[in-house]
file protein_34.pdb (PDB, C-alpha atoms)
ATOM      1  CA  MET A   1      19.821  15.273   5.001
ATOM      2  CA  ALA A   2      20.555  13.307   8.170
ATOM      3  CA  THR A   3      19.818  16.389  10.284
ATOM      4  CA  LEU A   4      16.518  16.869   8.466
ATOM      5  CA  LEU A   5      15.495  13.245   9.049
ATOM      6  CA  VAL A   6      16.366  13.385  12.755
ATOM      7  CA  HIS A   7      14.366  16.573  13.143
ATOM      8  CA  PHE A   8      11.369  15.036  11.382
ATOM      9  CA  VAL A   9      11.575  11.961  13.602
ATOM     10  CA  TYR A  10      11.470  14.198  16.658
ATOM     11  CA  LEU A  11       8.527  16.205  15.344
ATOM     12  CA  CYS A  12       6.589  13.118  14.284
ATOM     13  CA  LEU A  13       7.109  11.318  17.574
ATOM     14  CA  SER A  14       6.163  14.365  19.625
ATOM     15  CA  ASN A  15       3.010  14.836  17.574
ATOM     16  CA  TYR A  16       2.275  11.127  17.400
ATOM     17  CA  VAL A  17       1.728  11.193  21.150
ATOM     18  CA  VAL A  18      -1.407  13.146  20.302
ATOM     19  CA  ILE A  19      -2.529  10.374  17.952
ATOM     20  CA  MET A  20      -1.839   7.686  20.536
ATOM     21  CA  ASP A  21      -3.842   9.620  23.120
ATOM     22  CA  LYS A  22      -6.807   9.953  20.781
ATOM     23  CA  VAL A  23      -6.756   6.729  18.801
ATOM     24  CA  ASP A  24      -6.248   3.312  20.306
ATOM     25  CA  LEU A  25      -4.264   1.184  17.864
ATOM     26  CA  VAL A  26      -6.466  -1.818  18.584
ATOM     27  CA  ASN A  27      -7.820  -3.461  15.451
ATOM     28  CA  ILE A  28     -11.590  -3.587  15.198
ATOM     29  CA  ASP A  29     -13.417  -6.438  13.477
ATOM     30  CA  GLU A  30     -16.547  -6.164  11.331
ATOM     31  CA  LYS A  31     -18.753  -6.394  14.446
ATOM     32  CA  GLY A  32     -16.964  -3.500  16.111
ATOM     33  CA  LYS A  33     -15.077  -5.689  18.591
ATOM     34  CA  PRO A  34     -11.336  -5.292  19.310
ATOM     35  CA  HIS A  35      -9.141  -8.224  18.297
ATOM     36  CA  GLY A  36      -5.548  -7.376  19.109
ATOM     37  CA  VAL A  37      -3.154  -4.455  19.029
ATOM     38  CA  GLN A  38      -1.279  -3.635  15.825
ATOM     39  CA  LYS A  39       2.351  -3.352  16.848
ATOM     40  CA  ILE A  40       3.815  -2.219  13.516
ATOM     41  CA  VAL A  41       2.302   0.739  11.647
ATOM     42  CA  PRO A  42       3.622   1.600   8.139
ATOM     43  CA  PHE A  43       4.604   5.286   7.929
ATOM     44  CA  LEU A  44       4.349   6.794   4.430
ATOM     45  CA  TRP A  45       6.363   9.924   3.554
ATOM     46  CA  PHE A  46       4.687  12.165   0.960
ATOM     47  CA  ASP A  47       5.749  15.584  -0.291
ATOM     48  CA  LYS A  48       2.597  17.591   0.467
ATOM     49  CA  GLN A  49      -0.133  15.162  -0.658
ATOM     50  CA  ALA A  50      -0.653  13.082   2.505
ATOM     51  CA  GLU A  51      -4.254  14.164   3.090
ATOM     52  CA  GLU A  52      -5.116  13.863  -0.603
ATOM     53  CA  ALA A  53      -3.545  10.395  -0.810
ATOM     54  CA  VAL A  54      -5.409   9.154   2.262
ATOM     55  CA  LYS A  55      -8.723  10.265   0.762
ATOM     56  CA  PHE A  56      -7.778   8.561  -2.519
ATOM     57  CA  TYR A  57      -7.055   5.218  -0.809
ATOM     58  CA  SER A  58     -10.144   5.476   1.381
ATOM     59  CA  LEU A  59     -12.362   5.794  -1.677
ATOM     60  CA  ILE A  60     -10.830   2.697  -3.274
ATOM     61  CA  PHE A  61     -10.874   0.327  -0.316
ATOM     62  CA  LYS A  62     -14.380  -0.277   0.971
ATOM     63  CA  LYS A  63     -13.235  -1.126   4.501
ATOM     64  CA  SER A  64     -11.374   2.064   5.325
ATOM     65  CA  GLY A  65     -11.409   4.996   7.694
ATOM     66  CA  ILE A  66      -9.583   8.258   8.325
ATOM     67  CA  GLY A  67      -8.466   9.100  11.856
ATOM     68  CA  ASP A  68      -6.742  12.051  13.468
ATOM     69  CA  VAL A  69      -4.781  14.751  11.708
ATOM     70  CA  THR A  70      -1.807  16.555  13.250
ATOM     71  CA  ARG A  71      -0.510  19.890  11.958
ATOM     72  CA  TYR A  72       2.804  21.688  11.890
ATOM     73  CA  GLY A  73       3.450  24.367  14.457
ATOM     74  CA  LYS A  74       6.184  26.983  14.576
ATOM     75  CA  GLU A  75       8.767  24.516  15.878
ATOM     76  CA  GLY A  76      11.282  23.414  13.246
ATOM     77  CA  TYR A  77      10.167  25.741  10.446
ATOM     78  CA  GLU A  78      13.802  26.543   9.579
ATOM     79  CA  VAL A  79      14.291  22.837   8.793
ATOM     80  CA  HIS A  80      11.015  21.629   7.252
ATOM     81  CA  GLY A  81       9.765  24.910   5.756
ATOM     82  CA  MET A  82       6.117  24.003   6.365
ATOM     83  CA  GLU A  83       3.750  26.834   7.251
ATOM     84  CA  GLU A  84       2.119  26.679  10.647
ATOM     85  CA  GLY A  85      -1.200  24.837  10.365
ATOM     86  CA  THR A  86      -0.112  22.701   7.408
ATOM     87  CA  VAL A  87      -1.128  19.036   7.730
ATOM     88  CA  MET A  88       1.770  16.993   9.076
ATOM     89  CA  THR A  89       0.338  13.503   9.640
ATOM     90  CA  VAL A  90      -2.910  11.686   8.898
ATOM     91  CA  ASP A  91      -3.625   8.322  10.452
ATOM     92  CA  PHE A  92      -5.886   5.989   8.495
ATOM     93  CA  GLU A  93      -6.896   2.359   8.113
ATOM     94  CA  ILE A  94      -7.626   0.192   5.082
ATOM     95  CA  GLU A  95      -8.787  -3.422   5.307
ATOM     96  CA  GLY A  96      -7.835  -3.602   8.989
ATOM     97  CA  GLN A  97      -4.282  -2.319   8.394
ATOM     98  CA  LYS A  98      -3.372   0.959  10.091
ATOM     99  CA  PHE A  99      -1.092   3.513   8.412
ATOM    100  CA  VAL A 100       0.216   7.007   9.021
ATOM    101  CA  ALA A 101       0.765   9.434   6.118
ATOM    102  CA  LEU A 102       3.279  12.266   6.541
ATOM    103  CA  ASN A 103       3.776  15.510   4.635
ATOM    104  CA  GLY A 104       7.565  15.607   4.846
ATOM    105  CA  GLY A 105       8.538  17.546   1.733
ATOM    106  CA  PRO A 106      10.332  16.375  -1.434
ATOM    107  CA  VAL A 107      13.456  14.946   0.233
ATOM    108  CA  PHE A 108      12.554  11.228   0.048
ATOM    109  CA  LYS A 109      10.711   9.373  -2.721
ATOM    110  CA  PHE A 110       8.833   6.080  -2.854
ATOM    111  CA  ASN A 111      10.326   3.209  -4.828
ATOM    112  CA  GLU A 112       9.664  -0.471  -5.525
ATOM    113  CA  ALA A 113      11.797  -1.631  -2.594
ATOM    114  CA  ILE A 114       8.603  -1.487  -0.524
ATOM    115  CA  SER A 115       5.158  -2.389  -1.870
ATOM    116  CA  PHE A 116       1.748  -3.335  -0.540
ATOM    117  CA  GLN A 117       0.230  -6.607  -1.685
ATOM    118  CA  VAL A 118      -3.527  -6.773  -2.258
ATOM    119  CA  LEU A 119      -4.748 -10.385  -2.279
ATOM    120  CA  CYS A 120      -7.743 -10.959  -4.538
ATOM    121  CA  GLU A 121     -10.271 -13.784  -4.727
ATOM    122  CA  THR A 122     -11.552 -13.189  -8.280
ATOM    123  CA  GLN A 123     -10.577 -11.604 -11.599
ATOM    124  CA  ASP A 124     -13.195  -8.911 -11.014
ATOM    125  CA  GLU A 125     -11.428  -7.975  -7.808
ATOM    126  CA  VAL A 126      -8.052  -7.906  -9.573
ATOM    127  CA  ASP A 127      -9.515  -5.700 -12.313
ATOM    128  CA  TYR A 128     -11.100  -3.336  -9.790
ATOM    129  CA  TYR A 129      -7.979  -2.654  -7.720
ATOM    130  CA  TRP A 130      -5.752  -2.500 -10.791
ATOM    131  CA  GLU A 131      -7.944   0.076 -12.478
ATOM    132  CA  LYS A 132      -8.451   2.235  -9.379
ATOM    133  CA  LEU A 133      -4.910   2.205  -8.011
ATOM    134  CA  SER A 134      -3.146   2.599 -11.364
ATOM    135  CA  GLU A 135      -5.197   5.649 -12.392
ATOM    136  CA  GLY A 136      -2.739   8.499 -12.895
ATOM    137  CA  GLY A 137       0.253   6.288 -12.092
ATOM    138  CA  ASP A 138       3.373   5.436 -14.077
ATOM    139  CA  ARG A 139       2.333   2.916 -16.751
ATOM    140  CA  LYS A 140       5.970   1.972 -17.353
ATOM    141  CA  ALA A 141       6.088   0.569 -13.813
ATOM    142  CA  GLN A 142       3.320  -1.950 -14.503
ATOM    143  CA  GLN A 143       4.758  -5.456 -14.621
ATOM    144  CA  CYS A 144       3.928  -8.894 -13.193
ATOM    145  CA  GLY A 145       0.999  -7.606 -11.153
ATOM    146  CA  TRP A 146       2.954  -4.615  -9.810
ATOM    147  CA  LEU A 147       1.893  -1.013 -10.349
ATOM    148  CA  LYS A 148       2.687   2.465  -9.107
ATOM    149  CA  ASP A 149      -0.131   4.767  -8.088
ATOM    150  CA  ARG A 150      -0.266   8.507  -8.775
ATOM    151  CA  TYR A 151       1.822   9.187  -5.650
ATOM    152  CA  GLY A 152       4.574   6.731  -6.527
ATOM    153  CA  VAL A 153       3.514   4.074  -3.998
ATOM    154  CA  SER A 154       3.955   0.522  -5.320
ATOM    155  CA  TRP A 155       1.202  -2.094  -5.076
ATOM    156  CA  GLN A 156       1.000  -5.770  -5.987
ATOM    157  CA  ILE A 157      -2.460  -6.853  -7.138
ATOM    158  CA  VAL A 158      -2.237 -10.605  -6.654
ATOM    159  CA  PRO A 159      -4.931 -13.260  -7.107
ATOM    160  CA  LYS A 160      -4.723 -15.965  -4.451
ATOM    161  CA  ALA A 161      -4.894 -18.508  -7.260
ATOM    162  CA  LEU A 162      -1.448 -17.375  -8.455
ATOM    163  CA  ILE A 163       0.097 -18.079  -5.061
ATOM    164  CA  LYS A 164      -1.373 -21.580  -5.004
ATOM    165  CA  MET A 165      -0.037 -22.288  -8.494
ATOM    166  CA  ILE A 166       3.472 -21.067  -7.664
ATOM    167  CA  GLN A 167       3.524 -23.110  -4.455
ATOM    168  CA  ASP A 168       2.550 -26.316  -6.256
ATOM    169  CA  LYS A 169       5.032 -29.117  -5.544
ATOM    170  CA  ASP A 170       4.891 -30.026  -9.236
ATOM    171  CA  ILE A 171       7.778 -27.863 -10.446
ATOM    172  CA  LYS A 172       6.791 -28.071 -14.112
ATOM    173  CA  LYS A 173       3.320 -26.760 -13.386
ATOM    174  CA  SER A 174       4.458 -24.002 -11.031
ATOM    175  CA  GLN A 175       7.159 -22.794 -13.441
ATOM    176  CA  LYS A 176       4.676 -22.607 -16.318
ATOM    177  CA  ALA A 177       2.555 -20.305 -14.145
ATOM    178  CA  VAL A 178       5.605 -18.186 -13.324
ATOM    179  CA  LYS A 179       6.568 -17.961 -17.000
ATOM    180  CA  ALA A 180       3.058 -16.789 -17.915
ATOM    181  CA  MET A 181       3.025 -14.244 -15.077
ATOM    182  CA  LEU A 182       6.336 -12.719 -16.192
ATOM    183  CA  GLN A 183       4.748 -11.784 -19.520
ATOM    184  CA  MET A 184       1.839  -9.949 -17.916
ATOM    185  CA  GLN A 185       1.216  -6.480 -16.592
ATOM    186  CA  LYS A 186      -2.114  -7.022 -14.831
ATOM    187  CA  ILE A 187      -2.510 -10.647 -13.774
ATOM    188  CA  ASP A 188      -5.066 -12.646 -15.767
ATOM    189  CA  ILE A 189      -6.208 -15.682 -13.809
ATOM    190  CA  GLU A 190      -7.602 -17.638 -16.758
ATOM    191  CA  THR A 191      -4.425 -17.219 -18.812
ATOM    192  CA  LEU A 192      -2.393 -18.324 -15.808
ATOM    193  CA  ARG A 193      -4.583 -21.373 -15.316
ATOM    194  CA  GLN A 194      -4.264 -22.365 -18.963
ATOM    195  CA  ALA A 195      -0.476 -22.192 -18.740
ATOM    196  CA  TYR A 196      -0.475 -23.987 -15.400
ATOM    197  CA  GLU A 197      -2.586 -26.881 -16.695
ATOM    198  CA  GLU A 198      -0.873 -27.101 -20.078
ATOM    199  CA  ASN A 199       1.285 -30.080 -19.078
ATOM    200  CA  MET A 200      -1.815 -32.081 -18.223
ATOM    201  CA  THR A 201      -3.469 -31.115 -21.514
ATOM    202  CA  LEU A 202      -0.439 -32.274 -23.485
ATOM    203  CA  GLY A 203      -0.252 -35.459 -21.421
ATOM    204  CA  GLU A 204       3.224 -34.757 -20.031
TER     205      GLU A 204
END
call {"tool": "encode", "arguments": {"input": "protein_34.pdb", "output": "structure tokens"}}
result
Amino acid sequence: MATLLVHFVYLCLSNYVVIMDKVDLVNIDEKGKPHGVQKIVPFLWFDKQAEEAVKFYSLIFKKSGIGDVTRYGKEGYEVHGMEEGTVMTVDFEIEGQKFVALNGGPVFKFNEAISFQVLCETQDEVDYYWEKLSEGGDRKAQQCGWLKDRYGVSWQIVPKALIKMIQDKDIKKSQKAVKAMLQMQKIDIETLRQAYEENMTLGE
């Protein structure tokens, strides 16, 4: 397995030079102006669904774009088993964050140790991302605002209001919000707020 990973690293880096030559990793704002280079780019290892997954995410997130695609050549076939011409990497961007998706085979799987947090302003926004990202995913993995999408990638759909409640210096209030959250799958802002403000209602 170590040999396979090393070989993939070599292939990805050698092909990523192509991406770097074609796509400047400078973030672009809504007016089309550059505003700083993104130094760290998350690299997502899929089996053979990289291109499909990128299209899926790009349809969900309104501010998104798909960049260059690199393909496997003859080099390394005895290790990776991918036919020449098969998509190897797809670079893409969602909400200003750049990613690279890799078709690396079934060796490594996604798990909850790494997740992507989507911060939401309203309940409608929470509902939208929860519904879209959870479609076809593992329902058993849905807990406390976390979900797994159809590819096994973990997401946290988090209303900003929850963060403010948890960070409240009033421990009683913040812990009531935490207790309510722990009983939820998708986060419900109104239910959280009711729990959070309960101590004031009861005159504690």
call {"tool": "resolve_selection", "arguments": {"input": "protein_34.pdb", "expression": "the PyMOL selection byres ((chain A and resi 161-171) around 12)", "output": "PyMOL selection string"}}
result
chain A and resi 117+119-123+126+144-145+157-160+172-182+187-197+199-200+204
call {"tool": "residues_around", "arguments": {"input": "protein_34.pdb", "residues": "Thr70 of chain A", "least_positions_apart": "4", "cutoff": "7 Å", "atoms": "only C-alpha atoms", "output": "list of chain:residue names"}}
result
A:Asn15, A:Val87, A:Met88, A:Thr89, A:Val90
call {"tool": "write_last_selection", "arguments": {"input": "protein_34.pdb", "atoms": "C-alpha atoms", "output": "short mmCIF file (atom, residue, chain, number, x, y, z; two decimals), in the frame of the given file"}}
result
data_model
loop_
_atom_site.label_atom_id
_atom_site.label_comp_id
_atom_site.auth_asym_id
_atom_site.auth_seq_id
_atom_site.Cartn_x
_atom_site.Cartn_y
_atom_site.Cartn_z
CA ASN A 15 3.01 14.84 17.57
CA VAL A 87 -1.13 19.04 7.73
CA MET A 88 1.77 16.99 9.08
CA THR A 89 0.34 13.50 9.64
CA VAL A 90 -2.91 11.69 8.90
#
call {"tool": "atom_distance", "arguments": {"input": "protein_34.pdb", "atom1": "atom CA of Trp45 of chain A", "atom2": "atom CA of Lys132 of chain A"}}
result
21.1 Å
call {"tool": "resolve_selection", "arguments": {"input": "protein_34.pdb", "expression": "the PyMOL selection byres ((chain A and resi 138) around 10)", "output": "PyMOL selection string"}}
result
chain A and resi 134-137+139-142+147-152
call {"tool": "closest_residue", "arguments": {"input": "protein_34.pdb", "among": "A:Ile66, A:Leu133, A:Met184, A:Leu44", "to": "Glu93 of chain A", "atoms": "only C-alpha atoms"}}
result
A:Ile66
call {"tool": "closest_residue", "arguments": {"input": "protein_34.pdb", "among": "A:Trp155, A:Phe56, A:Phe92, A:Phe61", "to": "Phe110 of chain A", "atoms": "all atoms listed in the file"}}
result
A:Trp155
call {"tool": "atom_distance", "arguments": {"input": "protein_34.pdb", "atom1": "atom CA of Leu102 of chain A", "atom2": "atom CA of Gly65 of chain A"}}
result
16.4 Å
call {"tool": "closest_residue", "arguments": {"input": "protein_34.pdb", "among": "A:Thr86, A:Gln97, A:Asn103, A:Ser64", "to": "Gln49 of chain A", "atoms": "only C-alpha atoms"}}
result
A:Asn103
call {"tool": "closest_residue", "arguments": {"input": "protein_34.pdb", "among": "A:His80, A:Lys63, A:Lys74, A:Lys48", "to": "Lys98 of chain A", "atoms": "all atoms listed in the file"}}
result
A:Lys63
call {"tool": "closest_residue", "arguments": {"input": "protein_34.pdb", "among": "A:Glu112, A:Asp124, A:Glu131, A:Asp91", "to": "Ser58 of chain A", "atoms": "all atoms listed in the file"}}
result
A:Asp91
call {"tool": "atom_distance", "arguments": {"input": "protein_34.pdb", "atom1": "atom CA of Leu59 of chain A", "atom2": "atom CA of Gly105 of chain A"}}
result
24.2 Å
call {"tool": "closest_residue", "arguments": {"input": "protein_34.pdb", "among": "A:Gly81, A:Tyr72, A:Ser154, A:Glu95", "to": "Asn111 of chain A", "atoms": "all atoms listed in the file"}}
result
A:Ser154
call {"tool": "axis_aligned_box", "arguments": {"input": "protein_34.pdb", "around": "segment 118-122 of chain A", "padding_each_side": "8 Å", "output": "JSON"}}
result
{"center_x": -7.5, "center_y": -10.3, "center_z": -5.3, "size_x": 24.0, "size_y": 23.0, "size_z": 22.0}
